[in-house]
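To start, the structure itself, in structure tokens.
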Amino acid sequence: MRHSASIGGILALGVLLTVIFLLWVAVSQAIYIGNFGYAPAGSIPNFLRQVFTTPAGWTLIVVGNGVGFLFAVVALMISVVSFPLLLDRDVGAGVAILTSIRVVLRNPVTMAMWGLIIAGLLLIGSLPLFIGLVVVMPVLGHSTWHLYRKVVEPDVSSRQEEPIAPKRRRRRYAAQFPAALFAGEDEPS
């Protein structure tokens, strides 16, 4: 990734998603304060009792989940194919985000199912003390790449790289062992 031509776009998209997350945290805090005021819950059992047995708690659950869902939809829409596109092609963050939004708008059912799959797998991976994420994250990354390849047309103007002919290497012998490790470039014979 450090050598990607789109490193600026990748960083910009990362910053945008961080801003969305911080905005979601601020809105969540405002929803909590709107329902329970500024006083923190005295204990976890007290907090759970307030959330599950009072009208303010049910309002917190319904409104909080609704707002969280909206933030999740926005994050999914702008990033579902943006990162793979930025890695695959030399485009900016704006183009990647617009492409991602177009993909979601053209395939709403598929993207909704993909979002549910992501949420479900992240939940399952998080349950055993986040250890399952070691398996879930690479699977999601690999699957996202394949999703990207299915929904975004290949770049027909991409540069066709010529196959590199194998270098002819100078023959080495066992007697050269320690010095051969530190030798420079091999010269064709």
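Chain labels A, B, ... are given in the sequence in which chains occur in the structure tokens; within each chain residues are numbered consecutively from 1, and ligands are likewise numbered from 1 in the order shown.
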Exercise. From a DSSP calculation on the backbone, collect every residue of stretch 124-158 of chain A in helix (DSSP H, G or I) and output the set as a PyMOL selection string.
Key: chain A and resi 124-126+133-151
Output file for the selection above: N, CA, C and O atoms, as a compact mmCIF listing (two decimals), in the first residue's frame:
```txt
# COMPACT_ATOMS: atom_id res chain seq x y z
N ILE A 124 -19.86 -12.05 15.21
CA ILE A 124 -19.40 -13.40 15.55
C ILE A 124 -17.90 -13.38 15.89
O ILE A 124 -17.47 -14.01 16.85
N GLY A 125 -17.12 -12.65 15.11
CA GLY A 125 -15.68 -12.57 15.37
C GLY A 125 -15.34 -11.85 16.65
O GLY A 125 -14.31 -12.09 17.26
N SER A 126 -16.23 -10.95 17.09
CA SER A 126 -15.96 -10.16 18.29
C SER A 126 -16.36 -10.90 19.57
O SER A 126 -15.83 -10.58 20.63
N LEU A 133 -11.76 -12.20 15.19
CA LEU A 133 -11.49 -11.22 14.13
C LEU A 133 -10.22 -11.57 13.35
O LEU A 133 -10.04 -11.13 12.22
N VAL A 134 -9.35 -12.38 13.96
CA VAL A 134 -8.14 -12.83 13.27
C VAL A 134 -8.52 -13.62 12.02
O VAL A 134 -7.84 -13.56 11.00
N VAL A 135 -9.61 -14.33 12.08
CA VAL A 135 -10.10 -15.10 10.93
C VAL A 135 -11.05 -14.25 10.08
O VAL A 135 -10.98 -14.24 8.86
N VAL A 136 -11.94 -13.53 10.74
CA VAL A 136 -13.01 -12.80 10.04
C VAL A 136 -12.46 -11.68 9.16
O VAL A 136 -12.90 -11.50 8.02
N MET A 137 -11.52 -10.90 9.65
CA MET A 137 -11.04 -9.75 8.89
C MET A 137 -10.39 -10.13 7.55
O MET A 137 -10.71 -9.53 6.52
N PRO A 138 -9.49 -11.12 7.52
CA PRO A 138 -8.95 -11.51 6.21
C PRO A 138 -10.02 -12.07 5.27
O PRO A 138 -9.98 -11.82 4.07
N VAL A 139 -10.97 -12.82 5.81
CA VAL A 139 -12.05 -13.35 4.97
C VAL A 139 -12.87 -12.21 4.39
O VAL A 139 -13.21 -12.20 3.20
N LEU A 140 -13.21 -11.22 5.21
CA LEU A 140 -13.95 -10.06 4.71
C LEU A 140 -13.14 -9.27 3.68
O LEU A 140 -13.69 -8.80 2.68
N GLY A 141 -11.86 -9.09 3.92
CA GLY A 141 -11.02 -8.38 2.96
C GLY A 141 -10.96 -9.10 1.62
O GLY A 141 -11.12 -8.49 0.56
N HIS A 142 -10.77 -10.40 1.67
CA HIS A 142 -10.72 -11.20 0.43
C HIS A 142 -12.07 -11.16 -0.29
O HIS A 142 -12.13 -10.98 -1.51
N SER A 143 -13.13 -11.30 0.47
CA SER A 143 -14.48 -11.27 -0.11
C SER A 143 -14.79 -9.91 -0.70
O SER A 143 -15.43 -9.81 -1.76
N THR A 144 -14.37 -8.85 -0.04
CA THR A 144 -14.60 -7.50 -0.55
C THR A 144 -13.88 -7.30 -1.87
O THR A 144 -14.41 -6.68 -2.79
N TRP A 145 -12.68 -7.83 -1.99
CA TRP A 145 -11.94 -7.72 -3.25
C TRP A 145 -12.73 -8.40 -4.37
O TRP A 145 -12.87 -7.85 -5.47
N HIS A 146 -13.26 -9.60 -4.10
CA HIS A 146 -14.03 -10.30 -5.13
C HIS A 146 -15.33 -9.57 -5.45
O HIS A 146 -15.74 -9.52 -6.62
N LEU A 147 -15.97 -8.99 -4.45
CA LEU A 147 -17.18 -8.20 -4.68
C LEU A 147 -16.83 -7.01 -5.59
O LEU A 147 -17.55 -6.74 -6.56
N TYR A 148 -15.76 -6.33 -5.28
CA TYR A 148 -15.32 -5.21 -6.09
C TYR A 148 -15.10 -5.64 -7.54
O TYR A 148 -15.52 -4.97 -8.47
N ARG A 149 -14.42 -6.77 -7.74
CA ARG A 149 -14.13 -7.25 -9.09
C ARG A 149 -15.41 -7.61 -9.85
O ARG A 149 -15.44 -7.51 -11.07
N LYS A 150 -16.46 -8.00 -9.13
CA LYS A 150 -17.73 -8.35 -9.77
C LYS A 150 -18.53 -7.11 -10.16
O LYS A 150 -19.21 -7.12 -11.18
N VAL A 151 -18.49 -6.07 -9.34
CA VAL A 151 -19.39 -4.93 -9.56
C VAL A 151 -18.76 -3.76 -10.29
O VAL A 151 -19.48 -2.91 -10.80
```
Each stretch 55-156 of chain A residue no farther than 12 Å from stretch 17-25 of chain A, nearest pair in Å, only C-alpha atoms, as CSV:
```
residue,atom,partner,partner_atom,distance
A:Gly64,CA,A:Trp24,CA,9.9
A:Asn65,CA,A:Trp24,CA,11.2
A:Gly66,CA,A:Trp24,CA,11.7
A:Val67,CA,A:Trp24,CA,8.2
A:Gly68,CA,A:Trp24,CA,7.1
A:Phe69,CA,A:Trp24,CA,10.3
A:Leu70,CA,A:Trp24,CA,9.6
A:Phe71,CA,A:Trp24,CA,6.7
A:Ala72,CA,A:Trp24,CA,9.4
A:Val73,CA,A:Ile20,CA,11.3
A:Val74,CA,A:Ile20,CA,8.7
A:Ala75,CA,A:Leu17,CA,6.8
A:Leu76,CA,A:Leu17,CA,9.9
A:Met77,CA,A:Leu17,CA,11.2
A:Ile78,CA,A:Leu17,CA,8.8
A:Ser79,CA,A:Leu17,CA,8.4
A:Val80,CA,A:Leu17,CA,11.8
A:Ser82,CA,A:Leu17,CA,11.5
A:Phe83,CA,A:Leu17,CA,11.5
A:Ala93,CA,A:Leu17,CA,11.8
A:Ile97,CA,A:Leu17,CA,11.3
```
Pull all heavy atoms from the residues just selected and write them as a compact mmCIF listing (two decimals), in the first residue's frame.
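And here is the file that came out, part.txt:
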```txt
# COMPACT_ATOMS: atom_id res chain seq x y z
N GLY A 64 -31.22 5.33 19.21
CA GLY A 64 -29.79 5.04 19.06
C GLY A 64 -29.51 4.03 17.96
O GLY A 64 -28.60 4.22 17.16
N ASN A 65 -30.30 2.97 17.90
CA ASN A 65 -30.11 1.98 16.84
C ASN A 65 -30.48 2.54 15.47
O ASN A 65 -29.82 2.24 14.47
CB ASN A 65 -30.90 0.70 17.12
CG ASN A 65 -30.21 -0.17 18.14
OD1 ASN A 65 -29.00 -0.34 18.11
ND2 ASN A 65 -30.98 -0.71 19.06
N GLY A 66 -31.52 3.35 15.41
CA GLY A 66 -31.90 3.97 14.14
C GLY A 66 -30.82 4.89 13.62
O GLY A 66 -30.45 4.84 12.43
N VAL A 67 -30.30 5.74 14.49
CA VAL A 67 -29.24 6.67 14.08
C VAL A 67 -27.96 5.89 13.75
O VAL A 67 -27.29 6.19 12.75
CB VAL A 67 -28.99 7.72 15.18
CG1 VAL A 67 -27.73 8.53 14.91
CG2 VAL A 67 -30.20 8.64 15.31
N GLY A 68 -27.64 4.89 14.54
CA GLY A 68 -26.47 4.06 14.26
C GLY A 68 -26.60 3.36 12.91
O GLY A 68 -25.62 3.25 12.17
N PHE A 69 -27.80 2.91 12.59
CA PHE A 69 -28.04 2.28 11.30
C PHE A 69 -27.78 3.26 10.16
O PHE A 69 -27.16 2.90 9.16
CB PHE A 69 -29.48 1.74 11.23
CG PHE A 69 -29.86 1.19 9.89
CD1 PHE A 69 -29.42 -0.07 9.50
CD2 PHE A 69 -30.64 1.92 9.02
CE1 PHE A 69 -29.75 -0.58 8.26
CE2 PHE A 69 -30.98 1.43 7.78
CZ PHE A 69 -30.54 0.17 7.40
N LEU A 70 -28.23 4.49 10.32
CA LEU A 70 -27.99 5.50 9.28
C LEU A 70 -26.51 5.77 9.09
O LEU A 70 -26.02 5.88 7.95
CB LEU A 70 -28.74 6.79 9.61
CG LEU A 70 -30.27 6.71 9.56
CD1 LEU A 70 -30.89 8.03 10.00
CD2 LEU A 70 -30.75 6.31 8.18
N PHE A 71 -25.76 5.87 10.18
CA PHE A 71 -24.31 6.06 10.07
C PHE A 71 -23.66 4.86 9.39
O PHE A 71 -22.75 5.02 8.58
CB PHE A 71 -23.68 6.29 11.45
CG PHE A 71 -23.73 7.72 11.91
CD1 PHE A 71 -24.71 8.14 12.80
CD2 PHE A 71 -22.81 8.65 11.45
CE1 PHE A 71 -24.76 9.46 13.22
CE2 PHE A 71 -22.85 9.96 11.87
CZ PHE A 71 -23.83 10.38 12.76
N ALA A 72 -24.13 3.65 9.71
CA ALA A 72 -23.58 2.44 9.10
C ALA A 72 -23.86 2.41 7.60
O ALA A 72 -22.99 2.04 6.80
CB ALA A 72 -24.15 1.20 9.76
N VAL A 73 -25.06 2.82 7.19
CA VAL A 73 -25.40 2.86 5.77
C VAL A 73 -24.51 3.85 5.03
O VAL A 73 -23.99 3.56 3.95
CB VAL A 73 -26.90 3.18 5.57
CG1 VAL A 73 -27.21 3.53 4.13
CG2 VAL A 73 -27.77 2.02 6.03
N VAL A 74 -24.30 5.02 5.62
CA VAL A 74 -23.43 6.03 4.99
C VAL A 74 -22.01 5.49 4.87
O VAL A 74 -21.38 5.59 3.80
CB VAL A 74 -23.46 7.36 5.79
CG1 VAL A 74 -22.35 8.30 5.32
CG2 VAL A 74 -24.82 8.02 5.67
N ALA A 75 -21.50 4.88 5.93
CA ALA A 75 -20.14 4.34 5.89
C ALA A 75 -20.02 3.23 4.84
O ALA A 75 -19.03 3.17 4.09
CB ALA A 75 -19.74 3.82 7.26
N LEU A 76 -21.02 2.36 4.76
CA LEU A 76 -21.01 1.29 3.77
C LEU A 76 -21.07 1.87 2.36
O LEU A 76 -20.31 1.46 1.48
CB LEU A 76 -22.17 0.33 4.00
CG LEU A 76 -22.25 -0.83 3.01
CD1 LEU A 76 -21.14 -1.83 3.27
CD2 LEU A 76 -23.60 -1.51 3.08
N MET A 77 -21.95 2.84 2.15
CA MET A 77 -22.11 3.40 0.81
C MET A 77 -20.83 4.05 0.30
O MET A 77 -20.49 3.89 -0.87
CB MET A 77 -23.24 4.43 0.79
CG MET A 77 -24.61 3.82 0.79
SD MET A 77 -25.92 5.04 0.63
CE MET A 77 -25.75 5.50 -1.08
N ILE A 78 -20.12 4.74 1.15
CA ILE A 78 -18.94 5.45 0.65
C ILE A 78 -17.69 4.58 0.61
O ILE A 78 -16.71 4.94 -0.05
CB ILE A 78 -18.64 6.73 1.46
CG1 ILE A 78 -18.22 6.42 2.88
CG2 ILE A 78 -19.80 7.68 1.41
CD1 ILE A 78 -17.72 7.62 3.63
N SER A 79 -17.73 3.41 1.26
CA SER A 79 -16.49 2.64 1.33
C SER A 79 -16.58 1.21 0.79
O SER A 79 -15.56 0.53 0.75
CB SER A 79 -16.01 2.59 2.78
OG SER A 79 -16.90 1.84 3.57
N VAL A 80 -17.74 0.76 0.36
CA VAL A 80 -17.88 -0.65 0.00
C VAL A 80 -16.93 -1.08 -1.11
O VAL A 80 -16.37 -2.18 -1.05
CB VAL A 80 -19.35 -1.01 -0.33
CG1 VAL A 80 -19.81 -0.38 -1.63
CG2 VAL A 80 -19.55 -2.51 -0.37
N SER A 82 -14.64 1.47 -2.38
CA SER A 82 -13.67 2.56 -2.49
C SER A 82 -12.24 2.11 -2.25
O SER A 82 -11.34 2.43 -3.03
CB SER A 82 -14.01 3.68 -1.50
OG SER A 82 -15.22 4.27 -1.83
N PHE A 83 -12.02 1.38 -1.17
CA PHE A 83 -10.64 0.97 -0.87
C PHE A 83 -10.08 0.04 -1.94
O PHE A 83 -8.95 0.25 -2.40
CB PHE A 83 -10.54 0.35 0.53
CG PHE A 83 -10.54 1.36 1.64
CD1 PHE A 83 -11.61 1.45 2.51
CD2 PHE A 83 -9.49 2.24 1.80
CE1 PHE A 83 -11.62 2.39 3.53
CE2 PHE A 83 -9.48 3.19 2.82
CZ PHE A 83 -10.55 3.26 3.68
N ALA A 93 -9.89 9.98 -4.10
CA ALA A 93 -10.90 9.57 -3.14
C ALA A 93 -12.30 9.93 -3.62
O ALA A 93 -13.24 9.16 -3.44
CB ALA A 93 -10.62 10.20 -1.78
N ILE A 97 -15.29 7.28 -3.99
CA ILE A 97 -16.52 7.40 -3.20
C ILE A 97 -17.74 7.44 -4.12
O ILE A 97 -18.74 6.75 -3.86
CB ILE A 97 -16.46 8.63 -2.28
CG1 ILE A 97 -15.43 8.40 -1.18
CG2 ILE A 97 -17.82 8.96 -1.70
CD1 ILE A 97 -15.09 9.63 -0.37
```
Self-check item: Contacts of A:Val51 within 10 Å, only C-alpha atoms, excl. fewer than 6 positions in-chain, as number ranges by chain
Solution: A: 35-36, 45, 57-61
Export of the given selection (N, CA, C and O atoms) as a PDB file, in the first residue's frame:
```pdb
ATOM      1  N   ASN A  35     -31.804  11.623  26.834  1.00  0.00           N
ATOM      2  CA  ASN A  35     -32.690  10.689  27.530  1.00  0.00           C
ATOM      3  C   ASN A  35     -32.412  10.582  29.025  1.00  0.00           C
ATOM      4  O   ASN A  35     -33.334  10.406  29.809  1.00  0.00           O
ATOM      5  N   PHE A  36     -31.150  10.647  29.421  1.00  0.00           N
ATOM      6  CA  PHE A  36     -30.805  10.420  30.823  1.00  0.00           C
ATOM      7  C   PHE A  36     -30.124  11.607  31.494  1.00  0.00           C
ATOM      8  O   PHE A  36     -29.798  11.547  32.676  1.00  0.00           O
ATOM      9  N   PRO A  45     -25.324  -2.626  36.532  1.00  0.00           N
ATOM     10  CA  PRO A  45     -26.707  -3.090  36.760  1.00  0.00           C
ATOM     11  C   PRO A  45     -27.715  -1.936  36.757  1.00  0.00           C
ATOM     12  O   PRO A  45     -28.818  -2.075  36.218  1.00  0.00           O
ATOM     13  N   GLY A  57     -35.124   4.623  28.455  1.00  0.00           N
ATOM     14  CA  GLY A  57     -34.221   3.568  27.999  1.00  0.00           C
ATOM     15  C   GLY A  57     -34.654   2.992  26.666  1.00  0.00           C
ATOM     16  O   GLY A  57     -33.827   2.770  25.775  1.00  0.00           O
ATOM     17  N   TRP A  58     -35.951   2.759  26.521  1.00  0.00           N
ATOM     18  CA  TRP A  58     -36.448   2.231  25.251  1.00  0.00           C
ATOM     19  C   TRP A  58     -36.286   3.256  24.133  1.00  0.00           C
ATOM     20  O   TRP A  58     -35.995   2.915  22.992  1.00  0.00           O
ATOM     21  N   THR A  59     -36.459   4.520  24.464  1.00  0.00           N
ATOM     22  CA  THR A  59     -36.224   5.578  23.476  1.00  0.00           C
ATOM     23  C   THR A  59     -34.751   5.572  23.058  1.00  0.00           C
ATOM     24  O   THR A  59     -34.433   5.691  21.870  1.00  0.00           O
ATOM     25  N   LEU A  60     -33.859   5.424  24.039  1.00  0.00           N
ATOM     26  CA  LEU A  60     -32.430   5.338  23.749  1.00  0.00           C
ATOM     27  C   LEU A  60     -32.142   4.167  22.804  1.00  0.00           C
ATOM     28  O   LEU A  60     -31.392   4.321  21.829  1.00  0.00           O
ATOM     29  N   ILE A  61     -32.737   3.025  23.067  1.00  0.00           N
ATOM     30  CA  ILE A  61     -32.507   1.842  22.229  1.00  0.00           C
ATOM     31  C   ILE A  61     -32.999   2.082  20.804  1.00  0.00           C
ATOM     32  O   ILE A  61     -32.272   1.865  19.833  1.00  0.00           O
TER      33      ILE A  61
END
```
Self-check item: Minimum-distance residue to A:Leu16, chosen among A:Pro154, A:Pro84, A:Gly94, A:Gly34 (using only C-alpha atoms)
Solution: A:Gly94
